[in-house]
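See structure below.
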Amino acid sequence: MATGRLNISNTTLQLGTTNTTLYIVPTGFYTVFNVSLTNTGSTAVTIQLAMAVGASPTASDWIEYGTTIQPKGVFERTGLVAQSGMYVVALASAANQINATVYGIETSTS
């Protein structure tokens, strides 16, 4: 069971302009988590955030779509819950400007 930062490779990721998998809920667990996206650049960036059954979200998987983060701004979604096998995926309108962190707690379902 992990707690704290849950990102893939346990590091902060930078979003690109294509789907970036931030986290996958491990088999046999559910996760209560938050997502923090920080715009480190000097221009506004539009983001999308999804909870999906795979790395390529469908139209109904997006929980944020077309949300703008101002320069040096932060966007957070808190209190999210996902079951085993779910993917947390995001993308941005500009590459290498949005830092993404997923943090929370994984809980065994057995």
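All residue names refer to the structure tokens as shown: chains lettered A, B, ... in order, residues numbered from 1 in each chain, ligands numbered from 1 in order.
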field: DSSP strand (DSSP E or B) residues within chain A, as a ChimeraX atom specification
entry: /A:3-5,13-14,20-24,29-39,45-52,62-69,74-82,87-92,98-108
task: List the neighbours of region 79-88 of chain A out to 12 Å using only C-alpha atoms; skip same-chain residues closer than 6 positions along the sequence, and give me the result as a ChimeraX atom specification.
output: /A:6-8,19-36,48-58,61-64,100-110
- request: Pick out the residues sitting within 8 Å of Thr40 (chain A), and hand them over as a VMD selection string; count only C-alpha atoms, and ignore anything fewer than 3 positions along from it in its own chain.
  value: chain A and resid 71 to 73 97 to 99
Can you spit out the residues from that selection as an mmCIF file, in the first residue's frame, using C-alpha atoms?
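Everything below was put into again-v2.cif:
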```cif
data_model
loop_
_atom_site.group_PDB
_atom_site.id
_atom_site.type_symbol
_atom_site.label_atom_id
_atom_site.label_comp_id
_atom_site.auth_asym_id
_atom_site.auth_seq_id
_atom_site.Cartn_x
_atom_site.Cartn_y
_atom_site.Cartn_z
ATOM 1 C CA PRO A 71 0.955 31.465 -15.778
ATOM 2 C CA LYS A 72 2.392 30.356 -12.417
ATOM 3 C CA GLY A 73 -1.090 29.092 -11.507
ATOM 4 C CA GLN A 97 4.940 23.787 -19.064
ATOM 5 C CA ILE A 98 2.592 21.860 -16.749
ATOM 6 C CA ASN A 99 3.971 19.803 -13.838
#
```
field: CA of Gln70 (chain A) to CA of Thr11 (chain A), distance in Å rounded to a single decimal
entry: 23.1 Å
- request: State, in Å with one decimal place, the distance from CA of Arg77 (chain A) to CA of Ile47 (chain A).
  value: 12.5 Å
Could you list, as an mmCIF file with N, CA and C atoms, in the first residue's frame, every residue within 7 Å of Ala95 (chain A), counting only C-alpha atoms and ignoring same-chain residues fewer than 5 positions away?
```cif
data_model
loop_
_atom_site.group_PDB
_atom_site.id
_atom_site.type_symbol
_atom_site.label_atom_id
_atom_site.label_comp_id
_atom_site.auth_asym_id
_atom_site.auth_seq_id
_atom_site.Cartn_x
_atom_site.Cartn_y
_atom_site.Cartn_z
ATOM 1 N N LEU A 15 3.463 17.468 -18.466
ATOM 2 C CA LEU A 15 2.501 17.108 -19.500
ATOM 3 C C LEU A 15 3.007 17.513 -20.870
ATOM 4 N N GLY A 16 2.627 16.716 -21.852
ATOM 5 C CA GLY A 16 2.863 17.051 -23.244
ATOM 6 C C GLY A 16 1.539 17.366 -23.903
ATOM 7 N N THR A 17 1.538 17.444 -25.210
ATOM 8 C CA THR A 17 0.329 17.771 -25.959
ATOM 9 C C THR A 17 -0.432 16.511 -26.371
#
```
- request: From a DSSP calculation on the backbone, collect every residue of chain A in helix (DSSP H, G or I) and output the set as a PyMOL selection string.
  value: chain A and resi 8-10+59-61
message: So the first atom is CA of Thr18 (chain A) and the second is CA of Asn96 (chain A); what is the distance between them in Å, to one decimal place?
response: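 Computing it gives 11.5 Å between the two atoms.
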- prompt: Smallest atom-to-atom distance to Leu13 (chain A): which of A:Thr78, A:Gly66, A:Val89, A:Thr43, using only C-alpha atoms?
  reply: A:Val89
